[in-house]
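Asks: Sharing protein_0.cif here; it has mmCIF, C-alpha atoms.
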data_data
#
loop_
_atom_site.label_atom_id
_atom_site.label_comp_id
_atom_site.auth_asym_id
_atom_site.auth_seq_id
_atom_site.Cartn_x
_atom_site.Cartn_y
_atom_site.Cartn_z
CA GLN A 188 102.15 43.60 131.88
CA VAL A 189 101.41 40.21 130.38
CA GLN A 190 99.55 37.74 132.52
CA LEU A 191 98.57 34.16 131.78
CA VAL A 192 96.35 32.51 134.35
CA GLU A 193 95.62 28.79 134.12
CA SER A 194 92.69 27.03 135.72
CA GLY A 195 90.90 23.71 135.53
CA GLY A 196 93.50 21.34 136.91
CA GLY A 197 92.73 18.77 139.57
CA LEU A 198 92.55 15.12 140.49
CA VAL A 199 90.85 12.73 138.07
CA GLN A 200 90.70 9.00 137.62
CA ALA A 201 92.34 7.35 134.66
CA GLY A 202 90.02 7.50 131.67
CA GLY A 203 88.42 10.71 132.85
CA SER A 204 88.46 14.21 131.39
CA LEU A 205 89.52 17.71 132.36
CA ARG A 206 89.49 21.02 130.54
CA LEU A 207 92.22 23.51 131.24
CA SER A 208 91.75 27.21 130.55
CA CYS A 209 94.30 29.96 130.17
CA ALA A 210 93.13 33.56 130.36
CA ALA A 211 95.54 36.04 128.80
CA SER A 212 95.86 39.75 129.40
CA GLY A 213 98.33 42.44 128.49
CA LEU A 214 99.15 41.11 125.05
CA THR A 215 97.62 41.19 121.60
CA PHE A 216 95.95 37.84 121.92
CA ASN A 217 95.09 37.30 118.30
CA ARG A 218 98.75 37.43 117.30
CA GLY A 219 101.50 35.01 118.05
CA VAL A 220 101.21 31.48 119.25
CA MET A 221 99.63 29.99 122.36
CA GLY A 222 100.90 26.71 123.72
CA TRP A 223 100.43 24.19 126.48
CA PHE A 224 103.41 22.49 128.07
CA ARG A 225 103.74 20.10 131.00
CA GLN A 226 106.37 19.08 133.46
CA ALA A 227 106.34 15.93 135.54
CA PRO A 228 108.58 15.53 138.62
CA GLY A 229 112.16 14.88 137.62
CA LYS A 230 111.48 15.48 133.94
CA GLU A 231 112.02 18.30 131.52
CA ARG A 232 109.19 20.54 130.44
CA GLU A 233 107.64 19.17 127.27
CA ALA A 234 105.30 20.47 124.63
CA VAL A 235 101.73 19.23 124.67
CA ALA A 236 99.91 21.35 122.08
CA GLY A 237 100.09 24.67 120.31
CA ILE A 238 97.88 26.87 118.20
CA SER A 239 98.71 29.79 116.01
CA ARG A 240 96.40 32.72 115.36
CA PRO A 241 93.05 31.86 113.81
CA GLY A 242 92.31 32.24 110.16
CA SER A 243 93.32 30.52 107.00
CA SER A 244 96.91 30.37 108.15
CA ALA A 245 96.12 28.79 111.52
CA TYR A 246 98.26 25.85 112.54
CA ILE A 247 97.62 23.41 115.34
CA TYR A 248 99.84 20.69 116.66
CA HIS A 249 99.49 18.05 119.34
CA ALA A 250 102.31 15.97 120.72
CA ASP A 251 102.22 12.34 119.64
CA SER A 252 101.62 11.25 123.23
CA VAL A 253 98.31 13.13 123.38
CA LYS A 254 97.02 12.94 119.81
CA GLY A 255 93.46 11.74 119.65
CA ARG A 256 92.96 12.47 123.37
CA PHE A 257 93.75 16.17 123.87
CA THR A 258 92.48 19.14 121.86
CA ILE A 259 93.72 22.72 121.97
CA SER A 260 91.47 25.58 121.00
CA ARG A 261 91.32 29.34 121.43
CA ASP A 262 88.58 31.92 121.82
CA ASN A 263 89.88 35.31 120.73
CA ALA A 264 86.79 37.09 121.99
CA LYS A 265 87.58 35.85 125.50
CA ASN A 266 91.37 36.01 125.19
CA THR A 267 91.42 32.41 126.33
CA VAL A 268 93.04 29.22 125.17
CA TYR A 269 91.77 25.80 126.22
CA LEU A 270 93.10 22.29 126.48
CA GLN A 271 90.44 19.60 126.48
CA MET A 272 91.93 16.41 127.90
CA ASN A 273 90.06 13.16 127.44
CA ARG A 274 90.93 9.53 128.25
CA LEU A 275 93.53 10.70 130.72
CA LYS A 276 96.33 8.32 131.63
CA LEU A 277 98.54 8.03 134.69
CA GLU A 278 101.45 9.34 132.65
CA ASP A 279 99.57 12.59 131.99
CA THR A 280 100.17 13.59 135.61
CA ALA A 281 102.16 16.83 135.60
CA VAL A 282 102.03 20.55 136.13
CA TYR A 283 100.54 22.08 133.00
CA TYR A 284 101.70 25.49 131.84
CA CYS A 285 100.19 27.91 129.38
CA ALA A 286 102.65 29.89 127.29
CA ALA A 287 102.51 32.68 124.75
CA SER A 288 104.85 33.74 122.03
CA ALA A 289 104.80 37.38 121.00
CA THR A 290 105.52 36.47 117.39
CA LEU A 291 104.43 33.91 114.89
CA LEU A 292 106.45 30.72 114.93
CA THR A 293 107.16 28.17 112.30
CA ALA A 294 105.58 24.77 112.71
CA GLN A 295 109.02 23.43 113.62
CA ASP A 296 109.51 26.02 116.38
CA MET A 297 106.09 25.77 117.98
CA PRO A 298 106.97 22.85 120.29
CA ASP A 299 110.21 24.55 121.40
CA VAL A 300 109.89 25.85 124.95
CA ARG A 301 112.59 28.46 124.26
CA GLN A 302 110.37 30.24 121.73
CA TYR A 303 107.84 31.38 124.34
CA SER A 304 108.29 34.64 126.23
CA TYR A 305 105.37 34.48 128.62
CA TRP A 306 104.31 31.72 131.01
CA GLY A 307 101.54 31.08 133.46
CA GLN A 308 102.07 29.83 136.98
CA GLY A 309 100.97 26.30 136.14
CA THR A 310 98.10 24.08 137.22
CA GLN A 311 98.48 20.59 138.64
CA VAL A 312 96.84 17.67 136.89
CA THR A 313 96.92 14.38 138.77
CA VAL A 314 95.58 11.19 137.24
CA SER A 315 94.91 8.34 139.65
CA SER A 316 94.33 4.65 139.02
#
So that I can check it, write out the structure of this file as structure tokens.

Replies:
Amino acid sequence: QVQLVESGGGLVQAGGSLRLSCAASGLTFNRGVMGWFRQAPGKEREAVAGISRPGSSAYIYHADSVKGRFTISRDNAKNTVYLQMNRLKLEDTAVYYCAASATLLTAQDMPDVRQYSYWGQGTQVTVSS
């Protein structure tokens, strides 16, 4: 049984930082793609960042809205993927979800929510002024 458990969300002032963690179990962690998505009230779920398996073929993307502020990383030894969020803005407020794809994805497919088979329960991030 695959489980993805997010942690690290909370309330932070604009300009502050948070680090989200996603602990994975029940899947071969060093294969496939791990991603972070977010969903604000009344909006569709959107891609934030994704990372393929490590190695020379690793690929990382960050959505334009978070480039230069957020960084995704993974620790295969701990079966964990992280999202470091710096210089947070009010518009970053959302529920953040960790997701896993059982297979490798093309760079074009990585931001596509439909490509991910497994999802965590989500963690709330609230940025205040």

Asks: Pick out the residues sitting within 8 Å of range 278-285 of chain A, and hand them over as a list in words; count all atoms listed in the file, and ignore anything fewer than 2 positions along from it in its own chain.

Replies: Leu191, Val192, Glu193, Cys209, Met221, Gly222, Trp223, Phe224, Arg225, Gln226, Ala227, Pro228, Leu275, Lys276, Ala287, Trp306, Gly307, Gln308, Gly309, Thr310, Gln311, Val312, Thr313 and Val314 of chain A

Asks: Please produce a file of the residues just selected, as an mmCIF file, in the frame of the given file, where the atoms kept are C-alpha atoms.

Replies:
data_model
loop_
_atom_site.group_PDB
_atom_site.id
_atom_site.type_symbol
_atom_site.label_atom_id
_atom_site.label_comp_id
_atom_site.auth_asym_id
_atom_site.auth_seq_id
_atom_site.Cartn_x
_atom_site.Cartn_y
_atom_site.Cartn_z
ATOM 1 C CA LEU A 191 98.570 34.160 131.780
ATOM 2 C CA VAL A 192 96.350 32.510 134.350
ATOM 3 C CA GLU A 193 95.620 28.790 134.120
ATOM 4 C CA CYS A 209 94.300 29.960 130.170
ATOM 5 C CA MET A 221 99.630 29.990 122.360
ATOM 6 C CA GLY A 222 100.900 26.710 123.720
ATOM 7 C CA TRP A 223 100.430 24.190 126.480
ATOM 8 C CA PHE A 224 103.410 22.490 128.070
ATOM 9 C CA ARG A 225 103.740 20.100 131.000
ATOM 10 C CA GLN A 226 106.370 19.080 133.460
ATOM 11 C CA ALA A 227 106.340 15.930 135.540
ATOM 12 C CA PRO A 228 108.580 15.530 138.620
ATOM 13 C CA LEU A 275 93.530 10.700 130.720
ATOM 14 C CA LYS A 276 96.330 8.320 131.630
ATOM 15 C CA ALA A 287 102.510 32.680 124.750
ATOM 16 C CA TRP A 306 104.310 31.720 131.010
ATOM 17 C CA GLY A 307 101.540 31.080 133.460
ATOM 18 C CA GLN A 308 102.070 29.830 136.980
ATOM 19 C CA GLY A 309 100.970 26.300 136.140
ATOM 20 C CA THR A 310 98.100 24.080 137.220
ATOM 21 C CA GLN A 311 98.480 20.590 138.640
ATOM 22 C CA VAL A 312 96.840 17.670 136.890
ATOM 23 C CA THR A 313 96.920 14.380 138.770
ATOM 24 C CA VAL A 314 95.580 11.190 137.240
#

Asks: So what do you get for CA of Ser304 in chain A versus CA of Arg256 in chain A, distance-wise?

Replies: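 A separation of 27.1 Å between them.
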
Asks: Taking only C-alpha atoms into account, name the residue in A:Ala210, A:Ala294, A:Val189, A:Leu205 that is nearest to His249 in chain A.

Replies: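 Closest to His249 in chain A, using only C-alpha atoms: A:Ala294.
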
Asks: With a distance cut-off of 9 Å and all atoms listed in the file, select the neighbouring residues of Ala289 in chain A, excluding the residue or stretch itself and same-chain residues fewer than 5 positions from it, and output the selection as a VMD selection string.

Replies: chain A and resid 214 to 216 218 to 220 303 to 305

Asks: Excluding Ile238 in chain A and its own-chain neighbours fewer than 4 positions away, which residues fall within 8 Å of it when counting only C-alpha atoms? Please give them as a PDB file with C-alpha atoms, keeping the file's coordinate frame.

Replies:
ATOM      1  CA  VAL A 220     101.210  31.480 119.250  1.00  0.00           C
ATOM      2  CA  MET A 221      99.630  29.990 122.360  1.00  0.00           C
ATOM      3  CA  GLY A 222     100.900  26.710 123.720  1.00  0.00           C
ATOM      4  CA  ALA A 245      96.120  28.790 111.520  1.00  0.00           C
ATOM      5  CA  TYR A 246      98.260  25.850 112.540  1.00  0.00           C
ATOM      6  CA  ILE A 247      97.620  23.410 115.340  1.00  0.00           C
ATOM      7  CA  TYR A 248      99.840  20.690 116.660  1.00  0.00           C
ATOM      8  CA  ILE A 259      93.720  22.720 121.970  1.00  0.00           C
ATOM      9  CA  SER A 260      91.470  25.580 121.000  1.00  0.00           C
ATOM     10  CA  ARG A 261      91.320  29.340 121.430  1.00  0.00           C
TER      11      ARG A 261
END

Asks: Go through A:Ala250, A:Gln188, A:Asn263, A:Val268 and flag the residue nearest Ser208 in chain A, using only C-alpha atoms for the distances.

Replies: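 Among A:Ala250, A:Gln188, A:Asn263, A:Val268, it is A:Val268 that comes nearest to Ser208 in chain A.
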
Asks: Nearest residue to Arg206 in chain A out of A:Asp251, A:Ala236, A:Leu291, A:Thr258, using only C-alpha atoms?

Replies: A:Thr258

Asks: From the list A:Asp262, A:Gly196, A:Leu270, A:Thr290, which residue is nearest Gly237 in chain A when using all atoms listed in the file?

Replies: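 Among the listed residues, the smallest separation from Gly237 in chain A belongs to A:Leu270.
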
Asks: A:Ala264, A:Met297, A:Met272, A:Ala286: which is nearest Ser252 in chain A, counting all atoms listed in the file?

Replies: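 With all atoms listed in the file as the atom set, the closest residue is A:Met272.
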
Asks: Quick one: distance from CA of Gly202 in chain A to CA of Asn273 in chain A in Å, one decimal?

Replies: 7.1 Å

Asks: Taking into account all atoms listed in the file, which residue in the set A:Gln190, A:Gly213, A:Gly197, A:Lys265 is nearest to Ser315 in chain A?

Replies: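 Closest to Ser315 in chain A of all the choices is A:Gly197.
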
Asks: Could you jot down the CA of Leu277 in chain A to CA of Ser316 in chain A separation for me, Å, one decimal place?

Replies: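 Going from CA of Leu277 in chain A over to CA of Ser316 in chain A covers 6.9 Å.
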
Asks: Could you give me range 213-224 of chain A completed to N, CA, C and O atoms, formatted as a tab-separated table (two decimals), in the frame of the given file?

Replies:
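Dumped everything to out29.tsv:
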chain	number	residue	atom	x	y	z
A	213	GLY	N	97.11	41.66	128.68
A	213	GLY	CA	98.33	42.44	128.49
A	213	GLY	C	99.09	42.14	127.22
A	213	GLY	O	100.20	42.63	127.02
A	214	LEU	N	98.51	41.34	126.32
A	214	LEU	CA	99.15	41.11	125.05
A	214	LEU	C	98.09	41.10	123.97
A	214	LEU	O	96.89	40.97	124.25
A	215	THR	N	98.54	41.25	122.74
A	215	THR	CA	97.62	41.19	121.60
A	215	THR	C	97.34	39.73	121.34
A	215	THR	O	98.11	39.04	120.66
A	216	PHE	N	96.21	39.27	121.86
A	216	PHE	CA	95.95	37.84	121.92
A	216	PHE	C	95.84	37.20	120.55
A	216	PHE	O	96.19	36.05	120.37
A	217	ASN	N	95.33	37.96	119.58
A	217	ASN	CA	95.09	37.30	118.30
A	217	ASN	C	96.34	37.25	117.43
A	217	ASN	O	96.26	36.93	116.26
A	218	ARG	N	97.49	37.61	117.99
A	218	ARG	CA	98.75	37.43	117.30
A	218	ARG	C	99.58	36.39	118.03
A	218	ARG	O	99.36	36.10	119.18
A	219	GLY	N	100.59	35.92	117.38
A	219	GLY	CA	101.50	35.01	118.05
A	219	GLY	C	100.91	33.64	118.23
A	219	GLY	O	99.88	33.28	117.67
A	220	VAL	N	101.55	32.88	119.03
A	220	VAL	CA	101.21	31.48	119.25
A	220	VAL	C	100.93	31.24	120.73
A	220	VAL	O	101.61	31.80	121.60
A	221	MET	N	99.93	30.42	121.00
A	221	MET	CA	99.63	29.99	122.36
A	221	MET	C	99.95	28.51	122.46
A	221	MET	O	99.66	27.73	121.53
A	222	GLY	N	100.54	28.11	123.57
A	222	GLY	CA	100.90	26.71	123.72
A	222	GLY	C	100.63	26.19	125.11
A	222	GLY	O	100.51	26.96	126.07
A	223	TRP	N	100.50	24.88	125.19
A	223	TRP	CA	100.43	24.19	126.48
A	223	TRP	C	101.65	23.27	126.60
A	223	TRP	O	101.99	22.55	125.65
A	224	PHE	N	102.27	23.33	127.76
A	224	PHE	CA	103.41	22.49	128.07
A	224	PHE	C	103.13	21.79	129.40
A	224	PHE	O	102.25	22.20	130.15
